[in-house]
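Structure file coords.tsv (TSV, C-alpha atoms) follows.
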chain	number	residue	atom	x	y	z
A	261	MET	CA	8.82	-8.54	5.36
A	262	ILE	CA	5.44	-6.86	5.66
A	263	THR	CA	1.97	-7.85	4.49
A	264	VAL	CA	0.37	-5.51	1.96
A	265	ARG	CA	-3.40	-5.61	1.66
A	266	TYR	CA	-5.01	-3.93	-1.34
A	267	PHE	CA	-8.61	-2.77	-1.40
A	268	ALA	CA	-11.10	-1.84	-4.17
A	269	ALA	CA	-9.44	-0.23	-7.22
A	270	ALA	CA	-5.97	-0.81	-5.77
A	271	ALA	CA	-6.63	-4.57	-5.59
A	272	GLU	CA	-7.93	-4.55	-9.13
A	273	ALA	CA	-4.85	-2.70	-10.41
A	274	ALA	CA	-2.43	-4.90	-8.45
A	275	GLY	CA	-4.21	-8.08	-9.46
A	276	VAL	CA	-3.98	-9.41	-5.90
A	277	ASP	CA	-5.71	-8.74	-2.59
A	278	GLN	CA	-2.66	-9.38	-0.44
A	279	GLU	CA	1.07	-10.04	-0.83
A	280	PRO	CA	4.35	-9.86	1.07
A	281	ALA	CA	6.73	-6.95	0.49
A	282	ALA	CA	10.00	-5.66	1.91
A	283	ALA	CA	9.88	-3.53	5.07
A	284	GLY	CA	11.56	-0.11	5.05
A	285	PRO	CA	10.93	3.61	4.67
A	286	GLY	CA	7.52	4.58	3.32
A	287	ALA	CA	8.97	6.02	0.11
A	288	ALA	CA	10.88	2.80	-0.60
A	289	VAL	CA	7.84	0.64	0.13
A	290	ARG	CA	5.73	2.79	-2.20
A	291	ALA	CA	8.40	2.59	-4.94
A	292	GLY	CA	8.53	-1.18	-4.54
A	293	LEU	CA	4.77	-1.49	-4.96
A	294	LEU	CA	4.89	0.62	-8.13
A	295	ALA	CA	7.79	-1.40	-9.53
A	296	ARG	CA	5.92	-4.63	-8.89
A	297	HIS	CA	2.56	-3.33	-10.16
A	298	PRO	CA	2.92	-0.51	-12.73
A	299	ALA	CA	-0.87	-0.40	-13.11
A	300	LEU	CA	-0.98	1.16	-9.62
A	301	THR	CA	0.73	4.32	-10.93
A	302	PRO	CA	-2.45	6.37	-11.51
A	303	ILE	CA	-4.05	5.09	-8.30
A	304	LEU	CA	-1.40	4.90	-5.58
A	305	GLY	CA	-0.90	8.65	-5.26
A	306	ARG	CA	-4.56	9.03	-4.24
A	307	CYS	CA	-4.53	6.10	-1.83
A	308	ALA	CA	-4.20	6.27	1.92
A	309	LEU	CA	-1.46	3.94	3.13
A	310	LEU	CA	-2.00	2.72	6.68
A	311	ALA	CA	0.75	0.80	8.48
A	312	ASP	CA	-0.86	-1.08	11.37
A	313	GLY	CA	-3.71	1.44	11.29
A	314	ARG	CA	-1.54	4.59	11.22
A	315	ARG	CA	-1.30	6.81	8.14
A	316	LEU	CA	2.08	6.36	6.47
A	317	ALA	CA	4.29	9.26	5.38
A	318	ASP	CA	7.20	8.79	2.99
A	319	ASP	CA	9.75	9.25	5.78
A	320	ASP	CA	8.00	6.84	8.20
A	321	ASP	CA	9.44	3.36	8.57
A	322	VAL	CA	7.27	0.31	7.94
A	323	PRO	CA	8.72	-2.26	10.35
A	324	ALA	CA	9.03	-5.96	9.62
A	325	GLY	CA	5.83	-7.78	10.54
A	326	ALA	CA	3.59	-4.76	9.89
A	327	THR	CA	0.42	-4.83	7.82
A	328	LEU	CA	0.15	-2.09	5.20
A	329	ASP	CA	-3.35	-1.32	3.91
A	330	VAL	CA	-3.64	0.41	0.52
A	331	LEU	CA	-6.98	2.22	0.56
A	332	PRO	CA	-8.20	4.20	-2.46
A	333	PRO	CA	-10.74	6.98	-1.90
A	334	PHE	CA	-14.21	5.60	-1.27
A	335	ALA	CA	-17.46	7.24	-2.27
A	336	GLY	CA	-20.14	7.73	0.34
A	337	GLY	CA	-19.48	7.64	3.98
Before anything else, please render the file you have as structure tokens.
Amino acid sequence: MITVRYFAAAAEAAGVDQEPAAAGPGAAVRAGLLARHPALTPILGRCALLADGRRLADDDDVPAGATLDVLPPFAGG
């Protein structure tokens, strides 16, 4: 299992700030998040996914015990 933390619009769409999810390849993790929270569909593609602080690609593995941050684009800087 991994810990998924949602921020800003992603948290609003998911309806939670944090939840457990299955570990695995980035594409499978992303698909699982969308299956669990269909309201993320218009948002998730624009979000940065960071697994333990490293940007996640679809073919990267998210290992058990990792923290996955779902970060939508932020205005400002």
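One finds atom CA of Thr327 of chain A at 15.4 Å from atom CA of Cys307 of chain A.
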Distance query Ala291 of chain A at most 12 Å, all atoms listed in the file, self and fewer than 5 positions along chain excluded, as a VMD selection string
chain A and resid 281 to 286 296 to 298 300 to 301 304 to 305 318
Might I get the box with edges along x, y and z of the file that holds all atoms of segment 291-305 of chain A listed there, padded by 8 Å on every side, given as centre and edge lengths in Å to one decimal, as lines of an AutoDock Vina configuration file?
center_x = 2.2
center_y = 2.0
center_z = -8.8
size_x = 28.6
size_y = 29.3
size_z = 24.6
Just checking: using all atoms listed in the file, which residue out of A:Ala311, A:Leu293, A:Leu316, A:Ala299 ends up closest to Asp329 of chain A?
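So, comparing all the options, the nearest one is A:Ala311.
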Which residue out of A:Val289, A:Val276, A:Ala271, A:Ala308 has the minimum interatomic distance to Ala326 of chain A when all atoms listed in the file are used?
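For Ala326 of chain A, the nearest of the candidates is A:Val289.
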Once you count only C-alpha atoms, which residues end up no further than 7 Å from (-3.8, -10.1, 0.8) in the file's frame, shown as number ranges by chain?
A: 264-266, 276-279
When you count only C-alpha atoms, which of these residues is closest to Arg314 of chain A: A:Leu328, A:Leu294, A:Pro302, A:Phe267?
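Among A:Leu328, A:Leu294, A:Pro302, A:Phe267, it is A:Leu328 that comes nearest to Arg314 of chain A.
Atom CA of Ala287 of chain A is found 8.2 Å from atom CA of Asp320 of chain A.
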With all atoms listed in the file as the basis for distance, which of A:Ala295, A:Ala288, A:Val330, A:Ala324 is at the shortest distance from Leu310 of chain A?
A:Val330
Please indicate the distance in Å from atom CA of Arg306 of chain A to atom CA of Arg290 of chain A, rounded to one decimal place.
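These atoms are spaced 12.2 Å apart.
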Please determine, counting only C-alpha atoms, which residue among A:Glu272, A:Gly313, A:Met261, A:Pro280 has the shortest atom-to-atom distance to Pro332 of chain A.
A:Glu272
Completion step: segment 295-306 of chain A with all heavy atoms as an mmCIF file, keeping the file's coordinate frame:
data_model
loop_
_atom_site.group_PDB
_atom_site.id
_atom_site.type_symbol
_atom_site.label_atom_id
_atom_site.label_comp_id
_atom_site.auth_asym_id
_atom_site.auth_seq_id
_atom_site.Cartn_x
_atom_site.Cartn_y
_atom_site.Cartn_z
ATOM 1 N N ALA A 295 6.926 -0.585 -8.672
ATOM 2 C CA ALA A 295 7.790 -1.400 -9.530
ATOM 3 C C ALA A 295 7.164 -2.761 -9.789
ATOM 4 O O ALA A 295 7.242 -3.295 -10.900
ATOM 5 C CB ALA A 295 9.170 -1.554 -8.903
ATOM 6 N N ARG A 296 6.537 -3.312 -8.775
ATOM 7 C CA ARG A 296 5.920 -4.630 -8.890
ATOM 8 C C ARG A 296 4.616 -4.579 -9.678
ATOM 9 O O ARG A 296 4.270 -5.511 -10.395
ATOM 10 C CB ARG A 296 5.648 -5.187 -7.493
ATOM 11 C CG ARG A 296 5.164 -6.632 -7.513
ATOM 12 C CD ARG A 296 4.929 -7.145 -6.134
ATOM 13 N NE ARG A 296 6.173 -7.248 -5.395
ATOM 14 C CZ ARG A 296 6.259 -7.663 -4.149
ATOM 15 N NH1 ARG A 296 5.168 -8.009 -3.491
ATOM 16 N NH2 ARG A 296 7.409 -7.728 -3.545
ATOM 17 N N HIS A 297 3.880 -3.467 -9.529
ATOM 18 C CA HIS A 297 2.560 -3.330 -10.160
ATOM 19 C C HIS A 297 2.449 -1.964 -10.838
ATOM 20 O O HIS A 297 1.857 -1.040 -10.278
ATOM 21 C CB HIS A 297 1.450 -3.476 -9.119
ATOM 22 C CG HIS A 297 1.502 -4.728 -8.334
ATOM 23 N ND1 HIS A 297 1.233 -5.970 -8.886
ATOM 24 C CD2 HIS A 297 1.809 -4.952 -7.027
ATOM 25 C CE1 HIS A 297 1.355 -6.894 -7.950
ATOM 26 N NE2 HIS A 297 1.710 -6.305 -6.828
ATOM 27 N N PRO A 298 2.992 -1.809 -12.049
ATOM 28 C CA PRO A 298 2.920 -0.510 -12.730
ATOM 29 C C PRO A 298 1.504 0.024 -12.909
ATOM 30 O O PRO A 298 1.308 1.238 -12.968
ATOM 31 C CB PRO A 298 3.578 -0.784 -14.088
ATOM 32 C CG PRO A 298 4.458 -1.971 -13.857
ATOM 33 C CD PRO A 298 3.762 -2.799 -12.813
ATOM 34 N N ALA A 299 0.515 -0.852 -12.952
ATOM 35 C CA ALA A 299 -0.870 -0.400 -13.110
ATOM 36 C C ALA A 299 -1.353 0.405 -11.902
ATOM 37 O O ALA A 299 -2.379 1.089 -11.981
ATOM 38 C CB ALA A 299 -1.797 -1.597 -13.342
ATOM 39 N N LEU A 300 -0.622 0.360 -10.793
ATOM 40 C CA LEU A 300 -0.980 1.160 -9.620
ATOM 41 C C LEU A 300 -0.602 2.635 -9.777
ATOM 42 O O LEU A 300 -1.046 3.470 -8.992
ATOM 43 C CB LEU A 300 -0.268 0.627 -8.365
ATOM 44 C CG LEU A 300 -0.831 -0.622 -7.726
ATOM 45 C CD1 LEU A 300 0.114 -1.124 -6.636
ATOM 46 C CD2 LEU A 300 -2.200 -0.358 -7.143
ATOM 47 N N THR A 301 0.202 2.958 -10.784
ATOM 48 C CA THR A 301 0.730 4.320 -10.930
ATOM 49 C C THR A 301 -0.352 5.396 -10.862
ATOM 50 O O THR A 301 -0.197 6.358 -10.103
ATOM 51 C CB THR A 301 1.557 4.432 -12.219
ATOM 52 O OG1 THR A 301 2.639 3.489 -12.135
ATOM 53 C CG2 THR A 301 2.122 5.827 -12.398
ATOM 54 N N PRO A 302 -1.458 5.291 -11.598
ATOM 55 C CA PRO A 302 -2.450 6.370 -11.510
ATOM 56 C C PRO A 302 -3.295 6.340 -10.234
ATOM 57 O O PRO A 302 -4.019 7.287 -9.949
ATOM 58 C CB PRO A 302 -3.338 6.141 -12.741
ATOM 59 C CG PRO A 302 -3.208 4.692 -13.038
ATOM 60 C CD PRO A 302 -1.813 4.312 -12.618
ATOM 61 N N ILE A 303 -3.193 5.284 -9.464
ATOM 62 C CA ILE A 303 -4.050 5.090 -8.300
ATOM 63 C C ILE A 303 -3.319 5.366 -6.983
ATOM 64 O O ILE A 303 -3.862 5.990 -6.072
ATOM 65 C CB ILE A 303 -4.609 3.651 -8.281
ATOM 66 C CG1 ILE A 303 -5.479 3.422 -9.515
ATOM 67 C CG2 ILE A 303 -5.372 3.352 -6.996
ATOM 68 C CD1 ILE A 303 -5.817 1.979 -9.754
ATOM 69 N N LEU A 304 -2.086 4.912 -6.874
ATOM 70 C CA LEU A 304 -1.400 4.900 -5.580
ATOM 71 C C LEU A 304 -1.242 6.285 -4.959
ATOM 72 O O LEU A 304 -1.341 6.438 -3.748
ATOM 73 C CB LEU A 304 -0.035 4.209 -5.708
ATOM 74 C CG LEU A 304 0.611 3.782 -4.411
ATOM 75 C CD1 LEU A 304 -0.268 2.781 -3.658
ATOM 76 C CD2 LEU A 304 1.982 3.180 -4.660
ATOM 77 N N GLY A 305 -1.054 7.294 -5.779
ATOM 78 C CA GLY A 305 -0.900 8.650 -5.260
ATOM 79 C C GLY A 305 -2.147 9.178 -4.558
ATOM 80 O O GLY A 305 -2.060 10.076 -3.721
ATOM 81 N N ARG A 306 -3.297 8.612 -4.876
ATOM 82 C CA ARG A 306 -4.560 9.030 -4.240
ATOM 83 C C ARG A 306 -4.935 8.146 -3.074
ATOM 84 O O ARG A 306 -5.914 8.415 -2.380
ATOM 85 C CB ARG A 306 -5.675 9.016 -5.281
ATOM 86 C CG ARG A 306 -5.454 9.989 -6.417
ATOM 87 C CD ARG A 306 -6.621 10.032 -7.362
ATOM 88 N NE ARG A 306 -7.254 8.730 -7.517
ATOM 89 C CZ ARG A 306 -7.580 8.177 -8.661
ATOM 90 N NH1 ARG A 306 -7.322 8.797 -9.779
ATOM 91 N NH2 ARG A 306 -8.180 7.008 -8.717
#
